[in-house]
Amino acid sequence: MRAGRRVDAGRRVEAGAVSAAVLEVRRAGPLVSFQDQGRPGRLRLGVPASGPMDPFAHAAAHAALGRPGSGTAVEVSVGGLTVACAGAAVTVAVCGGQFDLSHNGALVSGWAVVTLRPGDVLAISSGPWGSWCYLAVAGELRATHWLGSTSTHVRAGLGGGLLRPGDRIVVHDPVEDDERDGPIEVPASAMRPSRLRVVLGPQTECFVPGAVETLLGTPYVLTSAYDRMGVRLDGAPLPLLDALAIPSTPTLRGSVQVAGDGLPTLLLADHQTTGGYPKIATVVADDVTRAVQLRPGDGVRFVAIDPAAAIRSARVAASVRAAALTALRARPGTRTRRLLGTNLIGGVHHALAVDPDEHRCPTEDGG
């Protein structure tokens, strides 16, 4: 895989910008990149949508800061990211898989809001589960746009770009909102799936009889051949008829494409717009969003549903996720939760009970 275009840190730093926070990248794993909501609606022009691997986690990180979900965030792979804060203070949120976070050496919950002040160090590393998480900022994160989006298409090297040690992430008009600091409860809709719902087709006729039954009746395991374009699965082969010479047809995020060796590949955010391999099924969108948090070695099973059920499921998932994002925007931070949990009235009564005379209002004569 060709490396994506390196971030030009110098162009994103404005001399004398006193209202900017800078996150200096000390460590960055592979495929750490800038992503916003992507470039939808351009597949017919040969332009992949790109955008976050896990759109819900991306939106959740912004919602936890009380900000719109369309902004740019840093997508962090299982390889992790370490940044040091310089310039102004800024509040950030991390959501996605259950990663390990360290703020100045102190462990923090995997989903959390943290305020970084100059000199602070935030380290994100592989945790119990998940392959991707998102670092959102309370401010305007500066990154290069292409076709109206900062989303990075890794193979083309277009968009905001990949991050590497020495780069600087610049946040203009940063907000220091430590009122929101604290751990975030992971919504149930963000958890990894053990099964993936699929709509069969569109090219089941290209496979030998029994291939569909094999897909639905046996487990598959994610392999290490995994990047933003897709993940290759290992398991029972799905033998093809003489189908490798079919014309190229459109592909979608969630397409289950099968190459000549009979093994399926699940196409993801940076998938190609067309392909000549037959597609035996398409995973419903909500399950694709959660499936990206699986890791190599994790197993899944496919379950077939009809198109009408897929539409109903999409509507239900959209409603559930919208409610979860609304709750994240309204969640109280650590300080508010602590304040609400304190019996302030009881504390005042206790103080007066010690010696009421000590709490008399002074008079002009000092009495």
# chains A, B, ... in the order shown; residues from 1 in each chain; ligands from 1
$ residues_around --residues "region 172-186 of chain A" --least-positions-apart "6" --cutoff "6 Å" --atoms "only C-alpha atoms" --output "list in words"
Ser19, Ala20, Ala89, Val90, Thr91, Ser109, Trp111, Ala112, Val113, Val114, Thr115, Ala138, Gly139, Glu140, Gly333, Thr334 and Arg335 of chain A
$ residues_around --residues "region 31-41 of chain A" --least-positions-apart "5" --cutoff "6 Å" --atoms "only C-alpha atoms" --output "MDAnalysis selection string"
chainID A and resid 49:52 70:77 150:152 160:163
$ write_last_selection --atoms "all heavy atoms" --output "JSON list (two decimals), in the first residue's frame"
[["chain", "number", "residue", "atom", "x", "y", "z"],
["A", 49, "ALA", "N", -15.96, 7.70, -1.02],
["A", 49, "ALA", "CA", -16.47, 8.60, 0.02],
["A", 49, "ALA", "C", -15.46, 8.82, 1.13],
["A", 49, "ALA", "O", -15.39, 9.89, 1.73],
["A", 49, "ALA", "CB", -17.76, 8.03, 0.61],
["A", 50, "SER", "N", -14.63, 7.81, 1.43],
["A", 50, "SER", "CA", -13.70, 7.88, 2.56],
["A", 50, "SER", "C", -14.46, 8.23, 3.83],
["A", 50, "SER", "O", -15.53, 7.70, 4.08],
["A", 50, "SER", "CB", -12.55, 8.84, 2.27],
["A", 50, "SER", "OG", -11.77, 8.35, 1.20],
["A", 51, "GLY", "N", -13.93, 9.14, 4.67],
["A", 51, "GLY", "CA", -14.57, 9.43, 5.95],
["A", 51, "GLY", "C", -14.16, 8.43, 7.01],
["A", 51, "GLY", "O", -13.33, 7.54, 6.78],
["A", 52, "PRO", "N", -14.73, 8.53, 8.21],
["A", 52, "PRO", "CA", -14.30, 7.68, 9.33],
["A", 52, "PRO", "C", -14.65, 6.22, 9.11],
["A", 52, "PRO", "O", -15.70, 5.90, 8.55],
["A", 52, "PRO", "CB", -15.05, 8.27, 10.53],
["A", 52, "PRO", "CG", -16.23, 8.96, 9.94],
["A", 52, "PRO", "CD", -15.79, 9.48, 8.61],
["A", 70, "SER", "N", -19.93, 16.99, 12.23],
["A", 70, "SER", "CA", -19.37, 17.07, 10.88],
["A", 70, "SER", "C", -17.93, 17.55, 10.86],
["A", 70, "SER", "O", -17.31, 17.63, 9.80],
["A", 70, "SER", "CB", -20.22, 18.01, 10.03],
["A", 70, "SER", "OG", -20.28, 19.30, 10.63],
["A", 71, "GLY", "N", -17.37, 17.88, 12.01],
["A", 71, "GLY", "CA", -16.02, 18.45, 12.05],
["A", 71, "GLY", "C", -14.93, 17.41, 11.79],
["A", 71, "GLY", "O", -15.17, 16.22, 11.70],
["A", 72, "THR", "N", -13.71, 17.91, 11.71],
["A", 72, "THR", "CA", -12.55, 17.05, 11.49],
["A", 72, "THR", "C", -12.05, 16.51, 12.82],
["A", 72, "THR", "O", -11.98, 17.23, 13.81],
["A", 72, "THR", "CB", -11.43, 17.84, 10.79],
["A", 72, "THR", "OG1", -11.92, 18.33, 9.54],
["A", 72, "THR", "CG2", -10.21, 16.96, 10.54],
["A", 73, "ALA", "N", -11.70, 15.24, 12.83],
["A", 73, "ALA", "CA", -11.07, 14.60, 13.99],
["A", 73, "ALA", "C", -9.88, 13.80, 13.50],
["A", 73, "ALA", "O", -9.68, 13.58, 12.30],
["A", 73, "ALA", "CB", -12.08, 13.69, 14.71],
["A", 74, "VAL", "N", -9.07, 13.35, 14.45],
["A", 74, "VAL", "CA", -7.95, 12.48, 14.12],
["A", 74, "VAL", "C", -8.39, 11.05, 14.34],
["A", 74, "VAL", "O", -8.82, 10.67, 15.44],
["A", 74, "VAL", "CB", -6.72, 12.80, 15.00],
["A", 74, "VAL", "CG1", -5.58, 11.82, 14.68],
["A", 74, "VAL", "CG2", -6.25, 14.23, 14.76],
["A", 75, "GLU", "N", -8.34, 10.25, 13.28],
["A", 75, "GLU", "CA", -8.66, 8.83, 13.38],
["A", 75, "GLU", "C", -7.39, 8.08, 13.79],
["A", 75, "GLU", "O", -6.35, 8.18, 13.13],
["A", 75, "GLU", "CB", -9.17, 8.29, 12.05],
["A", 75, "GLU", "CG", -9.54, 6.82, 12.09],
["A", 75, "GLU", "CD", -10.15, 6.36, 10.78],
["A", 75, "GLU", "OE1", -9.38, 6.07, 9.84],
["A", 75, "GLU", "OE2", -11.39, 6.28, 10.68],
["A", 76, "VAL", "N", -7.47, 7.35, 14.90],
["A", 76, "VAL", "CA", -6.32, 6.66, 15.47],
["A", 76, "VAL", "C", -6.49, 5.16, 15.27],
["A", 76, "VAL", "O", -7.51, 4.61, 15.66],
["A", 76, "VAL", "CB", -6.16, 6.99, 16.97],
["A", 76, "VAL", "CG1", -4.92, 6.33, 17.54],
["A", 76, "VAL", "CG2", -6.09, 8.51, 17.18],
["A", 77, "SER", "N", -5.50, 4.53, 14.68],
["A", 77, "SER", "CA", -5.53, 3.09, 14.48],
["A", 77, "SER", "C", -5.06, 2.38, 15.74],
["A", 77, "SER", "O", -4.65, 3.01, 16.72],
["A", 77, "SER", "CB", -4.64, 2.69, 13.30],
["A", 77, "SER", "OG", -3.27, 2.88, 13.65],
["A", 150, "THR", "N", -11.81, 17.17, 4.48],
["A", 150, "THR", "CA", -10.47, 16.90, 5.00],
["A", 150, "THR", "C", -10.17, 15.41, 5.09],
["A", 150, "THR", "O", -9.07, 15.02, 5.45],
["A", 150, "THR", "CB", -10.30, 17.50, 6.40],
["A", 150, "THR", "OG1", -11.26, 16.92, 7.29],
["A", 150, "THR", "CG2", -10.48, 19.02, 6.38],
["A", 151, "SER", "N", -11.16, 14.56, 4.78],
["A", 151, "SER", "CA", -10.96, 13.12, 4.92],
["A", 151, "SER", "C", -9.80, 12.64, 4.06],
["A", 151, "SER", "O", -9.67, 13.02, 2.89],
["A", 151, "SER", "CB", -12.23, 12.36, 4.54],
["A", 151, "SER", "OG", -13.18, 12.44, 5.59],
["A", 152, "THR", "N", -8.99, 11.79, 4.65],
["A", 152, "THR", "CA", -7.80, 11.27, 3.98],
["A", 152, "THR", "C", -8.13, 9.98, 3.26],
["A", 152, "THR", "O", -8.61, 9.02, 3.87],
["A", 152, "THR", "CB", -6.69, 11.01, 5.00],
["A", 152, "THR", "OG1", -6.43, 12.20, 5.73],
["A", 152, "THR", "CG2", -5.42, 10.51, 4.31],
["A", 160, "GLY", "N", -6.62, 15.47, 4.23],
["A", 160, "GLY", "CA", -5.79, 16.02, 5.30],
["A", 160, "GLY", "C", -4.45, 15.36, 5.46],
["A", 160, "GLY", "O", -3.48, 16.00, 5.86],
["A", 161, "GLY", "N", -4.36, 14.07, 5.17],
["A", 161, "GLY", "CA", -3.07, 13.37, 5.21],
["A", 161, "GLY", "C", -2.89, 12.51, 6.44],
["A", 161, "GLY", "O", -3.65, 12.56, 7.41],
["A", 162, "LEU", "N", -1.87, 11.68, 6.38],
["A", 162, "LEU", "CA", -1.46, 10.84, 7.50],
["A", 162, "LEU", "C", -0.61, 11.65, 8.48],
["A", 162, "LEU", "O", 0.08, 12.59, 8.08],
["A", 162, "LEU", "CB", -0.65, 9.63, 7.01],
["A", 162, "LEU", "CG", -1.39, 8.61, 6.14],
["A", 162, "LEU", "CD1", -0.39, 7.58, 5.61],
["A", 162, "LEU", "CD2", -2.49, 7.92, 6.93],
["A", 163, "LEU", "N", -0.65, 11.26, 9.73],
["A", 163, "LEU", "CA", 0.15, 11.93, 10.76],
["A", 163, "LEU", "C", 1.36, 11.08, 11.12],
["A", 163, "LEU", "O", 1.26, 9.85, 11.21],
["A", 163, "LEU", "CB", -0.70, 12.18, 12.01],
["A", 163, "LEU", "CG", -1.71, 13.32, 11.87],
["A", 163, "LEU", "CD1", -2.82, 13.17, 12.88],
["A", 163, "LEU", "CD2", -1.01, 14.65, 12.01]]
$ closest_atom_pairs --of "region 140-258 of chain A" --to "region 298-317 of chain A" --cutoff "10 Å" --atoms "only C-alpha atoms" --output "Markdown table"
| residue | atom | partner | partner_atom | distance |
| --- | --- | --- | --- | --- |
| A:Ser189 | CA | A:Ala317 | CA | 8.2 |
| A:Pro193 | CA | A:Val300 | CA | 7.7 |
| A:Ser194 | CA | A:Val300 | CA | 5.1 |
| A:Arg195 | CA | A:Arg301 | CA | 4.6 |
| A:Leu196 | CA | A:Phe302 | CA | 4.9 |
| A:Arg197 | CA | A:Val303 | CA | 4.8 |
| A:Val198 | CA | A:Ala304 | CA | 4.9 |
| A:Val199 | CA | A:Ile305 | CA | 5.6 |
| A:Leu200 | CA | A:Ala304 | CA | 6.6 |
| A:Val212 | CA | A:Ala304 | CA | 9.6 |
| A:Thr214 | CA | A:Phe302 | CA | 9.8 |
| A:Leu215 | CA | A:Phe302 | CA | 6.7 |
| A:Leu216 | CA | A:Phe302 | CA | 5.1 |
| A:Gly217 | CA | A:Arg301 | CA | 7.7 |
| A:Thr218 | CA | A:Arg301 | CA | 6.8 |
| A:Pro219 | CA | A:Arg301 | CA | 4.9 |
| A:Tyr220 | CA | A:Val300 | CA | 5.5 |
| A:Val221 | CA | A:Gly299 | CA | 4.3 |
| A:Leu222 | CA | A:Asp298 | CA | 5.7 |
| A:Thr223 | CA | A:Asp298 | CA | 8.4 |
| A:Leu233 | CA | A:Gly299 | CA | 9.1 |
| A:Asp234 | CA | A:Gly299 | CA | 9.3 |
| A:Gly235 | CA | A:Gly299 | CA | 9.7 |
$ select_by_dssp --residues "region 208-314 of chain A" --states "helix (DSSP H, G or I)" --output "PyMOL selection string"
chain A and resi 211-217+285-291+307-314
$ write_last_selection --atoms "N, CA and C atoms" --output "short mmCIF file (atom, residue, chain, number, x, y, z; two decimals), in the first residue's frame"
data_model
loop_
_atom_site.label_atom_id
_atom_site.label_comp_id
_atom_site.auth_asym_id
_atom_site.auth_seq_id
_atom_site.Cartn_x
_atom_site.Cartn_y
_atom_site.Cartn_z
N ALA A 211 -22.69 -22.26 -2.29
CA ALA A 211 -21.78 -21.23 -1.77
C ALA A 211 -22.49 -20.31 -0.77
N VAL A 212 -23.72 -19.93 -1.05
CA VAL A 212 -24.46 -19.07 -0.13
C VAL A 212 -24.66 -19.77 1.21
N GLU A 213 -25.01 -21.07 1.16
CA GLU A 213 -25.18 -21.84 2.39
C GLU A 213 -23.88 -21.90 3.18
N THR A 214 -22.76 -21.99 2.46
CA THR A 214 -21.46 -21.99 3.14
C THR A 214 -21.20 -20.66 3.83
N LEU A 215 -21.49 -19.56 3.13
CA LEU A 215 -21.30 -18.23 3.72
C LEU A 215 -22.11 -18.08 5.00
N LEU A 216 -23.34 -18.56 4.99
CA LEU A 216 -24.23 -18.36 6.13
C LEU A 216 -24.06 -19.42 7.21
N GLY A 217 -23.45 -20.55 6.87
CA GLY A 217 -23.41 -21.66 7.81
C GLY A 217 -22.08 -21.90 8.50
N ALA A 285 -25.49 -1.36 6.83
CA ALA A 285 -24.60 -0.26 7.22
C ALA A 285 -24.28 -0.24 8.70
N ASP A 286 -25.27 -0.46 9.55
CA ASP A 286 -25.03 -0.38 10.99
C ASP A 286 -24.03 -1.43 11.45
N ASP A 287 -24.10 -2.62 10.85
CA ASP A 287 -23.17 -3.68 11.24
C ASP A 287 -21.76 -3.42 10.70
N VAL A 288 -21.65 -2.77 9.55
CA VAL A 288 -20.32 -2.40 9.05
C VAL A 288 -19.66 -1.43 10.01
N THR A 289 -20.43 -0.44 10.48
CA THR A 289 -19.90 0.55 11.41
C THR A 289 -19.30 -0.12 12.64
N ARG A 290 -19.97 -1.16 13.15
CA ARG A 290 -19.47 -1.83 14.36
C ARG A 290 -18.41 -2.87 14.02
N ALA A 291 -18.49 -3.46 12.83
CA ALA A 291 -17.54 -4.51 12.46
C ALA A 291 -16.10 -4.00 12.36
N PRO A 307 -34.27 -7.31 1.98
CA PRO A 307 -34.07 -5.85 1.85
C PRO A 307 -35.01 -5.03 2.73
N ALA A 308 -36.27 -5.47 2.86
CA ALA A 308 -37.21 -4.70 3.69
C ALA A 308 -36.76 -4.68 5.15
N ALA A 309 -36.26 -5.82 5.63
CA ALA A 309 -35.76 -5.87 7.01
C ALA A 309 -34.53 -4.99 7.17
N ALA A 310 -33.69 -4.93 6.14
CA ALA A 310 -32.49 -4.09 6.19
C ALA A 310 -32.88 -2.61 6.30
N ILE A 311 -33.93 -2.22 5.58
CA ILE A 311 -34.38 -0.82 5.65
C ILE A 311 -34.93 -0.51 7.03
N ARG A 312 -35.72 -1.44 7.57
CA ARG A 312 -36.26 -1.22 8.93
C ARG A 312 -35.13 -1.12 9.94
N SER A 313 -34.15 -2.00 9.80
CA SER A 313 -33.02 -1.98 10.73
C SER A 313 -32.24 -0.68 10.65
N ALA A 314 -32.09 -0.12 9.43
CA ALA A 314 -31.38 1.14 9.26
C ALA A 314 -32.12 2.27 9.97
#
$ select_by_dssp --residues "region 169-311 of chain A" --states "strand (DSSP E or B)" --output "PyMOL selection string"
chain A and resi 169-172+182-183+195-200+207+220-226+230-235+240+249-250+255-258+264-267+274-275+279-283+299-304
$ closest_residue --among "A:Gly66, A:Gly275, A:Gly159, A:Gly29" --to "Leu325 (chain A)" --atoms "only C-alpha atoms"
A:Gly66
$ residues_around --residues "region 276-279 of chain A" --least-positions-apart "6" --cutoff "9 Å" --atoms "only C-alpha atoms" --output "number ranges by chain"
A: 200-204, 206-207, 240, 243-251, 255-260, 264
$ write_last_selection --atoms "C-alpha atoms" --output "compact mmCIF listing (two decimals), in the first residue's frame"
# COMPACT_ATOMS: atom_id res chain seq x y z
CA LEU A 200 -27.61 -11.51 -0.40
CA GLY A 201 -26.39 -10.56 -3.86
CA PRO A 202 -26.13 -8.88 -6.21
CA GLN A 203 -24.13 -11.64 -7.94
CA THR A 204 -24.97 -14.91 -6.17
CA CYS A 206 -21.65 -16.29 -10.09
CA PHE A 207 -20.99 -18.89 -7.36
CA LEU A 240 -16.81 -19.30 -8.16
CA ALA A 243 -17.03 -15.36 -13.14
CA LEU A 244 -13.69 -13.59 -12.96
CA ALA A 245 -14.20 -11.99 -16.36
CA ILE A 246 -17.44 -10.21 -15.44
CA PRO A 247 -17.59 -6.48 -16.25
CA SER A 248 -16.69 -4.11 -13.45
CA THR A 249 -19.72 -3.10 -11.43
CA PRO A 250 -20.26 -0.58 -8.61
CA THR A 251 -19.11 -1.49 -5.12
CA SER A 255 -19.83 -5.29 -0.10
CA VAL A 256 -18.61 -8.86 0.46
CA GLN A 257 -16.38 -9.34 -2.57
CA VAL A 258 -14.88 -12.74 -3.44
CA ALA A 259 -11.61 -13.16 -5.37
CA GLY A 260 -10.44 -16.18 -7.38
CA PRO A 264 -14.28 -13.00 0.91
